[in-house]
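Novice: Got a structure for you, written out below as structure tokens; questions coming shortly.
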Amino acid sequence: MYKILEKRELNPTVTLMVVDAPLVAKKGEPGQFIILRVDEEGERIPLTIADYDREKGTVTIIFQVVGATTEKLNHLNEGDYIHDFVGPLGRATKTEGLKKVAVVGGGVGCAIAYPVTKKLHEQGCEVHAIAGFRSKDLVILEDEFEKNSTKFVRMSDDGTWGDKGLVTDALRKLIESGETYDEVITIGPLIMMKFVCALTKEYGIKTVASMNPIMVDGTGMCGGCRLTVGGETKFACVDGPEFDGHEIDFDEAMARGATYKDFERHAYEETCNLFKAEVK
Amino acid sequence: MPNMSLKKNEMPSQSPEVRRSNFKEVALGYTEEQAIDEAQRCLHCKHKPCVSGCPVQINIPEFIKEVAEGNFEKAYEIISESSSLPAVCGRVCPQETQCEQKCVRGIKGEPVAIGRLERFVADYHNAHSEEKAKAPAKNGHKVAVIGSGPAGLTCAGDLAKKGYDVTVFEALHLAGGVLVYGIPEFRLPKSIVQKEIDTLKEIGVKVETNVVVGKTFSIDELLDEYKFEAVFIGSGAGLPKFMNIKGENLKGVYSANEFLTRINLMKAYKPDSSTPVQHSKHVSVVGGGNVAMDAARCARRLGAEVTVVYRRTEAELPARREEVEHAMEEGIEFKFLTNPVKITGDDNGWVNGLICRQMELGEPDESGRRRPIPVEGSDFTLNTDCVIMALGTSPNPLIKSTTKGLETQKWGGIIADEETGLTSREGVYAGGDAVTGAATVILAMGAGKNAAAAIDEYLRNKGE
């Protein structure tokens, strides 16, 4: 059992939790993830490590309420316990030798973009962070990005935060203005990453995309998280979760991501009704 | 006078019509009368050929003698001397190729139903014994066991009985390995696995779930930082194989591992499960081993029409005969000499067909089985909305890649001494599927048992 030490609402649908998990905290690196189960009958879901404190033995996770499991997780409070919490899984982001990087995050993907931004910044790399949200109400980690980047570009779909437009617009503008990057790292919705990768391919900039497919065990056992990368099948849990963005078959990944859409919607509604009934 | 009936007492079972729509255990087990009657078929041969067929060398004639006399608890004690998991082995061991194959009664007629008797004895004990197993006095030496499947549990149990302080590390949230994620409830009820694990805990074995060795910590850390004096690797063969044919990443294509894990470990067959699994109309299972049979029979129980596609003939099926018969009785169709070449999908990326090629058998290959050769121009399409690949598994590379100096075969199996399980690293032993590639529960248990004896000897010598 893993105790929740802190819970903070970052926006109405995104929550941060600091969890007591010393073994994970000891080894975790940006880019890696954990798998948790909320309760004894719970589903296993992967969540990226948003931060860790090796001394305190804590791991921070940030999640958006998108389905039944995240809804249940969001109903836990400080002092409550998460039933299972295993990690760190997957490979860490490769940051060695990078001198200038653009990190492009979208929506709750910014929670994953943040730790790598911070790590790059700490190792003296010039980091341009581009964050995109639908609107101002949904913005997370603004101060953290501001503090840990050389340049921070804000974008929103409706123009209520920073410039109106897509993260690809901002990235193109930077590249066109003469900025050159060793690498672009992108984390967010598949459709956003697909277009970020299409853009950087035009300019021949190496790009790494962080994938978050459906998983069960997270150790290479089930193959549910498989993707096509450069024509080969890869398992996101052990070979990734980060891959060469120019080689990923994003359309296939988007289709596979929707496998249980109907089930999930139903389960989510059921869970919401359950909580509503409790409130009454 | 022994019972000279040529036939085994039949196993009472759920009828195929009933069981194909539930996940309850198929075989119901002998009654006391049936067990005694069956036990009386044993001739008590002096040279005990059956024992030589058992990878953990249970004293079979002795325990059967006690059953014949109605001393079921005494029989359990005899089995327990050699086996840590009798209720499991009585259900999933391939007795027909091991102890029962060597049984003299099998020369003329059927062998003694040793497996069914083992199961009876274990179930009798579990139902009647209130007594908790006693933890032996600790000898102060720490041993780590990686993986809580049959190899790891056996090794842990044997070492704990000798007084070692044993900790088992399991990557998943539940201990049991393939016994809980792979083998379905209707073949091996999970409550039985839990009971066996609880018994190990009673004798002092610690089980740490949610620890991925190779990620959470390495074998070197276990030895250096956590001060374990020896390590046993029983991490199994968890990596699924695919065919590398077109369409394998369509929605509705599963590895058998994923399909079975969702159903067995995550209980996705229950209506209120929070883990989903696809409920399909027509499932195609590719492969002919026990895992293929398990996947096919699970799919059947979820309401699908099921076809098993296998590239050789019925005679070459690697699955246990009993499993194949059960599958056939449950209405599962088999297409032999058939090999998939492509999976087709609809506009939304869902599987809608499996294109297969007819095969014929040619000369024997290196496995001694006749090699299947494609028949040109014989392609046909199976209508299907779910394809499950049950092509075998290979060892997970996680431990190999994080343990310096641990030598492995090209295909990933850890190189370990056949007798002792010793690897290329001092104090590090391995056994089960992690060494052999996918095999059986009882072979893994045999390896765990041998390694436990070797670890005991190693640590005794080291202490001197």
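To be explicit about the labels: the chains of the structure tokens are called A, B, and onward in the order shown, and within each one the residues are counted from 1, while ligands get numbers from 1 in the order they are shown.
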Show me which bits of chain A are within 7 Å of chain B, counting only C-alpha atoms, as an NGL selection string.

Specialist: :A and (23-24 or 27 or 42-43 or 84-89 or 217 or 220-224 or 255-256 or 259-260 or 263)

Novice: Take the residues that were just selected and, keeping N, CA, C and O atoms, output them as a PDB file, in the first residue's frame.

Specialist:
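The result, stored in result32.pdb:
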ATOM      1  N   LEU A  23      11.153   2.968  -3.083  1.00  0.00           N
ATOM      2  CA  LEU A  23      11.924   2.183  -4.050  1.00  0.00           C
ATOM      3  C   LEU A  23      11.851   2.787  -5.448  1.00  0.00           C
ATOM      4  O   LEU A  23      12.829   2.788  -6.192  1.00  0.00           O
ATOM      5  N   VAL A  24      10.679   3.310  -5.803  1.00  0.00           N
ATOM      6  CA  VAL A  24      10.528   3.945  -7.119  1.00  0.00           C
ATOM      7  C   VAL A  24      11.285   5.268  -7.136  1.00  0.00           C
ATOM      8  O   VAL A  24      11.975   5.604  -8.102  1.00  0.00           O
ATOM      9  N   LYS A  27      15.098   5.174  -7.846  1.00  0.00           N
ATOM     10  CA  LYS A  27      15.607   4.850  -9.168  1.00  0.00           C
ATOM     11  C   LYS A  27      14.995   5.642 -10.316  1.00  0.00           C
ATOM     12  O   LYS A  27      15.534   5.666 -11.424  1.00  0.00           O
ATOM     13  N   GLY A  42      -8.847  -3.225  -8.868  1.00  0.00           N
ATOM     14  CA  GLY A  42      -8.599  -2.188  -9.860  1.00  0.00           C
ATOM     15  C   GLY A  42      -7.866  -2.645 -11.105  1.00  0.00           C
ATOM     16  O   GLY A  42      -7.200  -3.674 -11.126  1.00  0.00           O
ATOM     17  N   GLU A  43      -8.000  -1.800 -12.117  1.00  0.00           N
ATOM     18  CA  GLU A  43      -7.308  -1.977 -13.385  1.00  0.00           C
ATOM     19  C   GLU A  43      -5.877  -1.467 -13.213  1.00  0.00           C
ATOM     20  O   GLU A  43      -5.632  -0.597 -12.379  1.00  0.00           O
ATOM     21  N   ASP A  84      -1.589  -0.532  -5.318  1.00  0.00           N
ATOM     22  CA  ASP A  84      -0.344  -1.003  -5.935  1.00  0.00           C
ATOM     23  C   ASP A  84       0.311   0.133  -6.707  1.00  0.00           C
ATOM     24  O   ASP A  84      -0.375   0.973  -7.294  1.00  0.00           O
ATOM     25  N   PHE A  85       1.646   0.128  -6.713  1.00  0.00           N
ATOM     26  CA  PHE A  85       2.390   1.227  -7.332  1.00  0.00           C
ATOM     27  C   PHE A  85       3.765   0.654  -7.670  1.00  0.00           C
ATOM     28  O   PHE A  85       4.585   0.426  -6.784  1.00  0.00           O
ATOM     29  N   VAL A  86       4.000   0.345  -8.926  1.00  0.00           N
ATOM     30  CA  VAL A  86       5.234  -0.363  -9.284  1.00  0.00           C
ATOM     31  C   VAL A  86       6.041   0.413 -10.336  1.00  0.00           C
ATOM     32  O   VAL A  86       5.476   1.018 -11.244  1.00  0.00           O
ATOM     33  N   GLY A  87       7.342   0.394 -10.168  1.00  0.00           N
ATOM     34  CA  GLY A  87       8.193   1.077 -11.124  1.00  0.00           C
ATOM     35  C   GLY A  87       9.607   1.176 -10.598  1.00  0.00           C
ATOM     36  O   GLY A  87       9.927   0.547  -9.602  1.00  0.00           O
ATOM     37  N   PRO A  88      10.459   1.969 -11.193  1.00  0.00           N
ATOM     38  CA  PRO A  88      10.191   2.726 -12.417  1.00  0.00           C
ATOM     39  C   PRO A  88      10.248   1.801 -13.635  1.00  0.00           C
ATOM     40  O   PRO A  88      11.119   0.937 -13.712  1.00  0.00           O
ATOM     41  N   LEU A  89       9.348   2.002 -14.569  1.00  0.00           N
ATOM     42  CA  LEU A  89       9.283   1.160 -15.757  1.00  0.00           C
ATOM     43  C   LEU A  89       9.683   1.957 -16.996  1.00  0.00           C
ATOM     44  O   LEU A  89       9.662   3.180 -16.993  1.00  0.00           O
ATOM     45  N   ASP A 217       0.717  -5.208 -18.067  1.00  0.00           N
ATOM     46  CA  ASP A 217       1.729  -5.498 -17.054  1.00  0.00           C
ATOM     47  C   ASP A 217       2.855  -4.466 -17.004  1.00  0.00           C
ATOM     48  O   ASP A 217       3.405  -4.208 -15.952  1.00  0.00           O
ATOM     49  N   GLY A 220       6.743  -6.039 -20.515  1.00  0.00           N
ATOM     50  CA  GLY A 220       7.040  -6.736 -21.766  1.00  0.00           C
ATOM     51  C   GLY A 220       6.307  -8.046 -21.924  1.00  0.00           C
ATOM     52  O   GLY A 220       6.576  -8.807 -22.841  1.00  0.00           O
ATOM     53  N   MET A 221       5.370  -8.306 -21.031  1.00  0.00           N
ATOM     54  CA  MET A 221       4.749  -9.611 -21.018  1.00  0.00           C
ATOM     55  C   MET A 221       3.530  -9.733 -21.917  1.00  0.00           C
ATOM     56  O   MET A 221       3.269 -10.802 -22.457  1.00  0.00           O
ATOM     57  N   CYS A 222       2.763  -8.668 -22.069  1.00  0.00           N
ATOM     58  CA  CYS A 222       1.488  -8.837 -22.777  1.00  0.00           C
ATOM     59  C   CYS A 222       1.548  -8.369 -24.221  1.00  0.00           C
ATOM     60  O   CYS A 222       0.827  -8.883 -25.066  1.00  0.00           O
ATOM     61  N   GLY A 223       2.371  -7.396 -24.519  1.00  0.00           N
ATOM     62  CA  GLY A 223       2.437  -6.931 -25.904  1.00  0.00           C
ATOM     63  C   GLY A 223       1.268  -6.046 -26.301  1.00  0.00           C
ATOM     64  O   GLY A 223       1.129  -5.659 -27.458  1.00  0.00           O
ATOM     65  N   GLY A 224       0.415  -5.700 -25.346  1.00  0.00           N
ATOM     66  CA  GLY A 224      -0.728  -4.843 -25.665  1.00  0.00           C
ATOM     67  C   GLY A 224      -0.306  -3.448 -26.087  1.00  0.00           C
ATOM     68  O   GLY A 224      -1.012  -2.766 -26.826  1.00  0.00           O
ATOM     69  N   ALA A 255      -5.453   4.330 -33.682  1.00  0.00           N
ATOM     70  CA  ALA A 255      -6.495   3.304 -33.799  1.00  0.00           C
ATOM     71  C   ALA A 255      -6.430   2.366 -32.601  1.00  0.00           C
ATOM     72  O   ALA A 255      -7.440   2.088 -31.954  1.00  0.00           O
ATOM     73  N   ARG A 256      -5.225   1.900 -32.264  1.00  0.00           N
ATOM     74  CA  ARG A 256      -5.088   0.947 -31.153  1.00  0.00           C
ATOM     75  C   ARG A 256      -5.514   1.565 -29.816  1.00  0.00           C
ATOM     76  O   ARG A 256      -6.083   0.898 -28.968  1.00  0.00           O
ATOM     77  N   THR A 259      -9.164   1.017 -28.732  1.00  0.00           N
ATOM     78  CA  THR A 259      -9.687  -0.356 -28.664  1.00  0.00           C
ATOM     79  C   THR A 259     -10.849  -0.500 -27.683  1.00  0.00           C
ATOM     80  O   THR A 259     -11.848  -1.128 -27.980  1.00  0.00           O
ATOM     81  N   TYR A 260     -10.700   0.071 -26.512  1.00  0.00           N
ATOM     82  CA  TYR A 260     -11.713  -0.155 -25.462  1.00  0.00           C
ATOM     83  C   TYR A 260     -12.566   1.085 -25.211  1.00  0.00           C
ATOM     84  O   TYR A 260     -13.092   1.264 -24.125  1.00  0.00           O
ATOM     85  N   PHE A 263     -16.092   0.453 -23.962  1.00  0.00           N
ATOM     86  CA  PHE A 263     -16.046  -0.102 -22.603  1.00  0.00           C
ATOM     87  C   PHE A 263     -15.714   0.998 -21.599  1.00  0.00           C
ATOM     88  O   PHE A 263     -16.342   1.127 -20.561  1.00  0.00           O
TER      89      PHE A 263
END

Novice: Contacts of range 190-200 of chain A at 12 Å or less, counting only C-alpha atoms, minus same-chain residues fewer than 4 places along, as number ranges by chain?

Specialist: A: 102-107, 109, 130-133, 166-176, 180-186, 204-213, 242-258

Novice: Using only C-alpha atoms, pick whichever of A:Ile214, A:Ile112, A:Ile45, A:Leu76 has the shortest atom-to-atom distance to Gly188 in chain A.

Specialist: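 Using only C-alpha atoms, Gly188 in chain A sits closest to A:Ile112.
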
Novice: Residues of range 83-145 of chain B classed as helix (DSSP H, G or I) by DSSP on the backbone are to be reported as a ChimeraX atom specification.

Specialist: /B:86-92,95-97,99-102,104-106,114-128

Novice: So which residues touch Gln98 in chain B within 10 Å, counting only C-alpha atoms, skipping near sequence neighbours fewer than 6 positions away, as a VMD selection string?

Specialist: chain B and resid 50 to 55 442

Novice: Keeping N, CA and C atoms for every residue in the selection just given, could you write it to a file as a short mmCIF file (atom, residue, chain, number, x, y, z; two decimals), in the first residue's frame?

Specialist:
data_model
loop_
_atom_site.label_atom_id
_atom_site.label_comp_id
_atom_site.auth_asym_id
_atom_site.auth_seq_id
_atom_site.Cartn_x
_atom_site.Cartn_y
_atom_site.Cartn_z
N CYS B 50 7.41 -45.24 -11.48
CA CYS B 50 6.69 -43.96 -11.52
C CYS B 50 7.53 -42.83 -10.92
N VAL B 51 8.26 -43.12 -9.83
CA VAL B 51 9.02 -42.07 -9.14
C VAL B 51 10.08 -41.48 -10.07
N SER B 52 10.67 -42.35 -10.90
CA SER B 52 11.71 -41.85 -11.81
C SER B 52 11.10 -40.93 -12.89
N GLY B 53 9.78 -41.02 -13.06
CA GLY B 53 9.14 -40.14 -14.05
C GLY B 53 8.71 -38.82 -13.47
N CYS B 54 8.93 -38.62 -12.18
CA CYS B 54 8.47 -37.38 -11.52
C CYS B 54 9.64 -36.43 -11.34
N PRO B 55 9.56 -35.23 -11.91
CA PRO B 55 10.68 -34.29 -11.79
C PRO B 55 11.01 -33.90 -10.35
N ILE B 442 5.77 -28.40 -13.76
CA ILE B 442 6.51 -29.37 -12.93
C ILE B 442 8.01 -29.35 -13.25
#

Novice: Got a sec: who's within 12 Å of Pro61 in chain B, counting only C-alpha atoms, leaving out chain neighbours fewer than 6 positions off, as a list in words?

Specialist: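 My list of contacting residues is Ala39, Gln40, Arg41, Cys42, Leu43, His44, Cys45, Lys46, His47, Lys48, Pro49, Cys50, Val51, Ser52, Val67, Ala68, Ala75, Ile78, Ile79, Cys99, Glu100, Cys103, Val104, Val112, Ala113, Ile114, Leu117 and Glu118 of chain B.
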
Novice: Write the selection just made, keeping C-alpha atoms, as a PDB file, in the first residue's frame?

Specialist:
ATOM      1  CA  ALA B  39      -5.365 -46.301  -5.123  1.00  0.00           C
ATOM      2  CA  GLN B  40      -6.019 -50.015  -4.877  1.00  0.00           C
ATOM      3  CA  ARG B  41      -5.005 -50.375  -8.522  1.00  0.00           C
ATOM      4  CA  CYS B  42      -1.360 -49.680  -7.566  1.00  0.00           C
ATOM      5  CA  LEU B  43       0.800 -52.825  -7.567  1.00  0.00           C
ATOM      6  CA  HIS B  44       3.516 -51.271  -5.349  1.00  0.00           C
ATOM      7  CA  CYS B  45       6.318 -52.293  -7.675  1.00  0.00           C
ATOM      8  CA  LYS B  46       9.625 -52.677  -5.851  1.00  0.00           C
ATOM      9  CA  HIS B  47      11.586 -50.597  -8.369  1.00  0.00           C
ATOM     10  CA  LYS B  48       9.005 -47.752  -8.369  1.00  0.00           C
ATOM     11  CA  PRO B  49       9.234 -46.755 -12.048  1.00  0.00           C
ATOM     12  CA  CYS B  50       6.687 -43.955 -11.520  1.00  0.00           C
ATOM     13  CA  VAL B  51       9.021 -42.070  -9.139  1.00  0.00           C
ATOM     14  CA  SER B  52      11.708 -41.848 -11.813  1.00  0.00           C
ATOM     15  CA  VAL B  67      -4.750 -43.380   0.235  1.00  0.00           C
ATOM     16  CA  ALA B  68      -5.753 -47.015  -0.274  1.00  0.00           C
ATOM     17  CA  ALA B  75      -0.567 -39.371   2.231  1.00  0.00           C
ATOM     18  CA  ILE B  78       4.448 -37.973   2.100  1.00  0.00           C
ATOM     19  CA  ILE B  79       3.727 -35.792  -0.943  1.00  0.00           C
ATOM     20  CA  CYS B  99       4.855 -40.711 -13.695  1.00  0.00           C
ATOM     21  CA  GLU B 100       1.853 -42.347 -15.334  1.00  0.00           C
ATOM     22  CA  CYS B 103       3.337 -47.042 -14.510  1.00  0.00           C
ATOM     23  CA  VAL B 104       3.358 -50.810 -14.993  1.00  0.00           C
ATOM     24  CA  VAL B 112      -2.936 -45.694 -12.099  1.00  0.00           C
ATOM     25  CA  ALA B 113      -4.433 -42.166 -12.042  1.00  0.00           C
ATOM     26  CA  ILE B 114      -1.535 -40.767 -10.022  1.00  0.00           C
ATOM     27  CA  LEU B 117      -4.907 -39.086  -6.579  1.00  0.00           C
ATOM     28  CA  GLU B 118      -2.376 -36.358  -5.872  1.00  0.00           C
TER      29      GLU B 118
END

Novice: For range 290-295 of chain B, please output as JSON, numbers by chain all residues within 10 Å (counting only C-alpha atoms; exclusion window: fewer than 3 positions along the same chain).

Specialist: {"B": [182, 183, 184, 185, 186, 187, 255, 256, 257, 258, 259, 260, 263, 283, 284, 285, 286, 287, 298, 299, 300, 301, 306, 308, 309, 310, 317, 318, 319, 320, 321, 322, 323, 324, 325, 326, 327, 328, 332, 388, 389, 390, 391, 392, 440]}

Novice: Quick one: everything within 12 Å of Thr69 in chain A, counting only C-alpha atoms, minus sequence neighbours fewer than 5 positions away in the same chain. Send it as a ChimeraX atom specification.

Specialist: /A:36-39,41-47,63-64,74-76,82,264-265,267-272 /B:273-276

Novice: Smallest atom-to-atom distance to Gly140 in chain B: which of B:Val180, B:Gly157, B:Leu459, B:Val231, using only C-alpha atoms?

Specialist: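 With only C-alpha atoms as the atom set, the closest residue is B:Leu459.
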
Novice: Please identify the strand (DSSP E) residues within range 115-309 of chain B (assignment by DSSP from backbone atoms) and present them as a ChimeraX atom specification.

Specialist: /B:142-146,165-169,206-208,230-233,239-240,253-255,282-286,305-309

Novice: Which of these residues is nearest to Ala444 in chain B, using only C-alpha atoms: B:Ala27, B:Ile343, B:Ile355, B:Ala151?

Specialist: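 With only C-alpha atoms as the atom set, the closest residue is B:Ala151.
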
Novice: Find, counting only C-alpha atoms, the residue in A:Lys151, A:Gly231, A:Ala92, A:Ala68 that gets nearest to Asn273 in chain A.

Specialist: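 Looking only at the distances to Asn273 in chain A, the closest residue turns out to be A:Ala68.
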
Novice: Could you tell me how far CA of Val26 in chain B lies from CA of Cys155 in chain B, in Å and to one decimal?

Specialist: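 Pair CA of Val26 in chain B / CA of Cys155 in chain B returns 29.4 Å.
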
Novice: Nearest residue to Asn9 in chain B out of B:Gly236, B:Pro111, B:Pro86, B:Gly377, using only C-alpha atoms?

Specialist: B:Pro111
